[in-house]
Every structure is written in C-alpha cells, then in structure tokens.
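See structure below.
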Amino acid sequence: EPEVTQTPSHQVTQMGQEVILRCVPISNHLYFYWYRQILGQKVEFLVSFYNNEISEKSEIFDDQFSVERPDGSNFTLKIRSTKLEDSAMYFCASSVTGETQYFGPGTRLLVL
Amino acid sequence: GNSVTQMEGPVTLSEEAFLTINCTYTATGYPSLFWYVQYPGEGLQLLLKATKADDKGSNKGFEATYRKETTSFHLEKGSVQVSDSAVYFCALSDGGNTGKLIFGQGTTLQVKP
C-alpha cells in the first residue's frame, strides 16, 4: 500500500539555523499539507499546497516558513530561522481530492 | 470558527471492555468527519470517516456515526484489545478549497490485559 514518507525522522538544530523537512507524498495525490504538533497539544494545520502554489495557510505559517515542490515527488517545508517554539512534530499529508488525507510518520524537530 | 472537542483522557480499560470516546464539533455547513489513530512512535493513521449526516464509518471493529442533531461523532468499539492502545484524534474537514483538517486534542487509550 502506498505511503507518505518523511525525512529525517528526527532533527536537532540550533536556534536561528535553517531546516528543511522533506516529504514524499503518495504518487497520484494532488493536494499536499503540513501540520505540526507541539508536545502535549493539538495537531495544527500549517499550510496546504495544490497546483504548485499555496492554497491556504494558517497564522502560524509566517514569513519564516516556506514550502516547495522542487520536482515531481518531493514536498518540502523550510523554516528559515528556527526559534525554540518551533520544536514540534511536523507531519506531511497528501490527498487525491482534498477530502481524505494520508499522513506520514512525522519529523520530530528539536530547536536548542 | 470550526472546532472539535474530545473527551479528556487517558482512558484505561481492561481487555474486551466496551469503548466510547466522545467527540463533538462546531462547524458551519456540513463537514466530513474523521477519526485518526496514532500508535506509539508512529504517525497518524486514518481509522474511519463519514461524509454526511447519519453516515456510519467503520474499520477494524471501530464505528462512529455522524450525528448532525447532536453535532457528535463518538468512536465506539465493542471489545478492545491491548493492541488498540494508542492516541485517538477526532477531526473535521474544514471544506473550502483544500479541506484542511481541524483536530481535537486527542484521547489516550490504554488497554490492560
């Protein structure tokens, strides 16, 4: 069964550094998403991406964040200058129609 | 805005007990409703869904019915197993162009042998 994959599984970085989280969505899916879950809190929507552009973003998704689909398979989330409060589990998801979303295993980001 | 509220956890049950995890929602329109499960150390897995009122989603012995009159989507299972121990998330699809998901806070289920 096709799966969403994410790399790395864990990332430790220093405050102020740039990080790139990578995702490979399911191959025939057209909608792509990033969510995050701060430890002990709800899973929160960050951004959705369709037809090579951002279709919706949350208040969390400020100028420090960007997304890209650099080729036909990868979908990346970049955090330009990480803050302590960016420490969280980041989930990528994809969907064929935008209704049912399938999630990857997540990347745990720790900012020191 | 749209929101999802789940019952507080953790929920601790003995094997073969009946499970109910309550979920209520606030939404404009008619969102699709979902239950996701997160096993220890893993990502979110879709457990079941319902897309309109009175629909029943079911999978792996779990069921949930979309109740528009009570704005609820409670998760039930008749006989839980130790392997069901996980965190369960109720979510709604916010509609619009992309159907972003709005999640409840998650309910931890622990099943003891």
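Labels for the structure tokens follow display order: chains A, B, ..., residues from 1 in each chain, ligands from 1.
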
Got a sec: who's within 6 Å of Leu75 of chain B, counting only C-alpha atoms, leaving out chain neighbours fewer than 3 positions off, as a PDB file with N, CA, C and O atoms, in the first residue's frame?
```
ATOM      1  N   THR B  20     -15.996   3.857  24.422  1.00  0.00           N
ATOM      2  CA  THR B  20     -16.590   5.038  23.810  1.00  0.00           C
ATOM      3  C   THR B  20     -15.641   6.204  24.026  1.00  0.00           C
ATOM      4  O   THR B  20     -15.226   6.450  25.172  1.00  0.00           O
ATOM      5  N   ILE B  21     -15.306   6.902  22.964  1.00  0.00           N
ATOM      6  CA  ILE B  21     -14.560   8.165  23.067  1.00  0.00           C
ATOM      7  C   ILE B  21     -15.447   9.230  22.439  1.00  0.00           C
ATOM      8  O   ILE B  21     -15.792   9.147  21.264  1.00  0.00           O
ATOM      9  N   GLU B  63     -16.429   1.941  15.222  1.00  0.00           N
ATOM     10  CA  GLU B  63     -17.526   2.571  14.498  1.00  0.00           C
ATOM     11  C   GLU B  63     -17.731   3.990  15.016  1.00  0.00           C
ATOM     12  O   GLU B  63     -17.458   4.267  16.200  1.00  0.00           O
ATOM     13  N   ALA B  64     -18.250   4.844  14.140  1.00  0.00           N
ATOM     14  CA  ALA B  64     -18.674   6.174  14.572  1.00  0.00           C
ATOM     15  C   ALA B  64     -19.771   6.632  13.622  1.00  0.00           C
ATOM     16  O   ALA B  64     -19.665   6.429  12.405  1.00  0.00           O
TER      17      ALA B  64
END
```

Rows by chain and residue number, chain B within 9 Å of chain A, shortest pair, only C-alpha atoms, as a tab-separated table:
```
residue	atom	partner	partner_atom	distance
B:Ser32	CA	A:Glu99	CA	7.8
B:Phe34	CA	A:Thr100	CA	8.6
B:Gly41	CA	A:Pro105	CA	8.4
B:Glu42	CA	A:Pro105	CA	5.5
B:Gly43	CA	A:Pro105	CA	3.8
B:Leu44	CA	A:Phe103	CA	5.7
B:Gln45	CA	A:Phe103	CA	6.6
B:Leu46	CA	A:Tyr102	CA	6.9
B:Lys49	CA	A:Thr100	CA	8.4
B:Phe89	CA	A:Val43	CA	8.9
B:Ser93	CA	A:Glu99	CA	7.1
B:Gly95	CA	A:Glu99	CA	8.2
B:Asn97	CA	A:Ser55	CA	7.2
B:Thr98	CA	A:Gly98	CA	5.3
B:Gly99	CA	A:Gly98	CA	5.6
B:Lys100	CA	A:Phe45	CA	6.9
B:Leu101	CA	A:Phe45	CA	6.8
B:Ile102	CA	A:Glu44	CA	7.1
B:Phe103	CA	A:Val43	CA	6.0
B:Gly104	CA	A:Lys42	CA	6.4
B:Gln105	CA	A:Lys42	CA	4.7
B:Gly106	CA	A:Lys42	CA	7.0
```

Near-Gly9 of chain B list (9 Å; only C-alpha atoms; drop same-chain fewer than 3 positions) as an MDAnalysis selection string: chainID B and resid 6 12 106:109

For the residues selected in the previous step, produce a file with N, CA and C atoms as a PDB file, in the first residue's frame.
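Okay, this is what ended up in selection-v8.pdb:
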```pdb
ATOM      1  N   GLN B   6     -12.848  16.757  22.187  1.00  0.00           N
ATOM      2  CA  GLN B   6     -12.853  15.353  22.573  1.00  0.00           C
ATOM      3  C   GLN B   6     -12.856  15.216  24.076  1.00  0.00           C
ATOM      4  N   THR B  12      -8.528   4.286  30.508  1.00  0.00           N
ATOM      5  CA  THR B  12      -7.905   2.998  30.826  1.00  0.00           C
ATOM      6  C   THR B  12      -8.993   1.939  30.916  1.00  0.00           C
ATOM      7  N   GLY B 106      -7.046  14.986  21.119  1.00  0.00           N
ATOM      8  CA  GLY B 106      -6.556  13.615  21.222  1.00  0.00           C
ATOM      9  C   GLY B 106      -6.950  12.988  22.550  1.00  0.00           C
ATOM     10  N   THR B 107      -7.252  11.697  22.510  1.00  0.00           N
ATOM     11  CA  THR B 107      -7.583  10.937  23.718  1.00  0.00           C
ATOM     12  C   THR B 107      -6.700   9.704  23.759  1.00  0.00           C
ATOM     13  N   THR B 108      -5.966   9.575  24.847  1.00  0.00           N
ATOM     14  CA  THR B 108      -5.096   8.409  25.007  1.00  0.00           C
ATOM     15  C   THR B 108      -5.891   7.243  25.565  1.00  0.00           C
ATOM     16  N   LEU B 109      -5.806   6.115  24.885  1.00  0.00           N
ATOM     17  CA  LEU B 109      -6.451   4.882  25.341  1.00  0.00           C
ATOM     18  C   LEU B 109      -5.377   3.896  25.760  1.00  0.00           C
TER      19      LEU B 109
END
```

Extract the full set of strand (DSSP E or B) residues from segment 2-112 of chain A according to DSSP on the backbone, and format it as number ranges by chain. A: 5-7, 10-13, 19-24, 31-37, 43-50, 53-57, 65-68, 75-79, 88-95, 102-103, 107-111

For Pro2 of chain A: contacts at 10 Å, only C-alpha atoms, fewer than 3 positions along chain excluded, given as a ChimeraX atom specification: /A:5,25-28,102

For the residues in the current selection, export C-alpha atoms as a PDB file, in the first residue's frame.
```pdb
ATOM      1  CA  THR A   5       7.277   9.147   3.750  1.00  0.00           C
ATOM      2  CA  PRO A  25       3.598  12.207  -0.912  1.00  0.00           C
ATOM      3  CA  ILE A  26       1.666   9.321  -2.420  1.00  0.00           C
ATOM      4  CA  SER A  27       2.363   9.410  -6.130  1.00  0.00           C
ATOM      5  CA  ASN A  28      -1.060  10.136  -7.640  1.00  0.00           C
ATOM      6  CA  TYR A 102      -2.991  10.385   4.462  1.00  0.00           C
TER       7      TYR A 102
END
```

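When only C-alpha atoms are used to compute distances to Met15 of chain A, the closest of the residues A:Arg80, A:Arg69, A:Arg36, A:His29 turns out to be A:Arg80.
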
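Proximity ranking of B:Asp94, B:Glu76, B:Glu16, B:Asp84 relative to Pro40 of chain B places B:Asp84 first, based on only C-alpha atoms.
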
Can you work out which one of A:Leu109, A:Val12, A:Ile79, A:Leu39 has the shortest atom-to-atom distance to Val67 of chain A, counting only C-alpha atoms? A:Ile79

One decimal, in Å: what's the spacing between atom CA of Thr71 of chain B and atom CA of Val96 of chain A? 26.9 Å
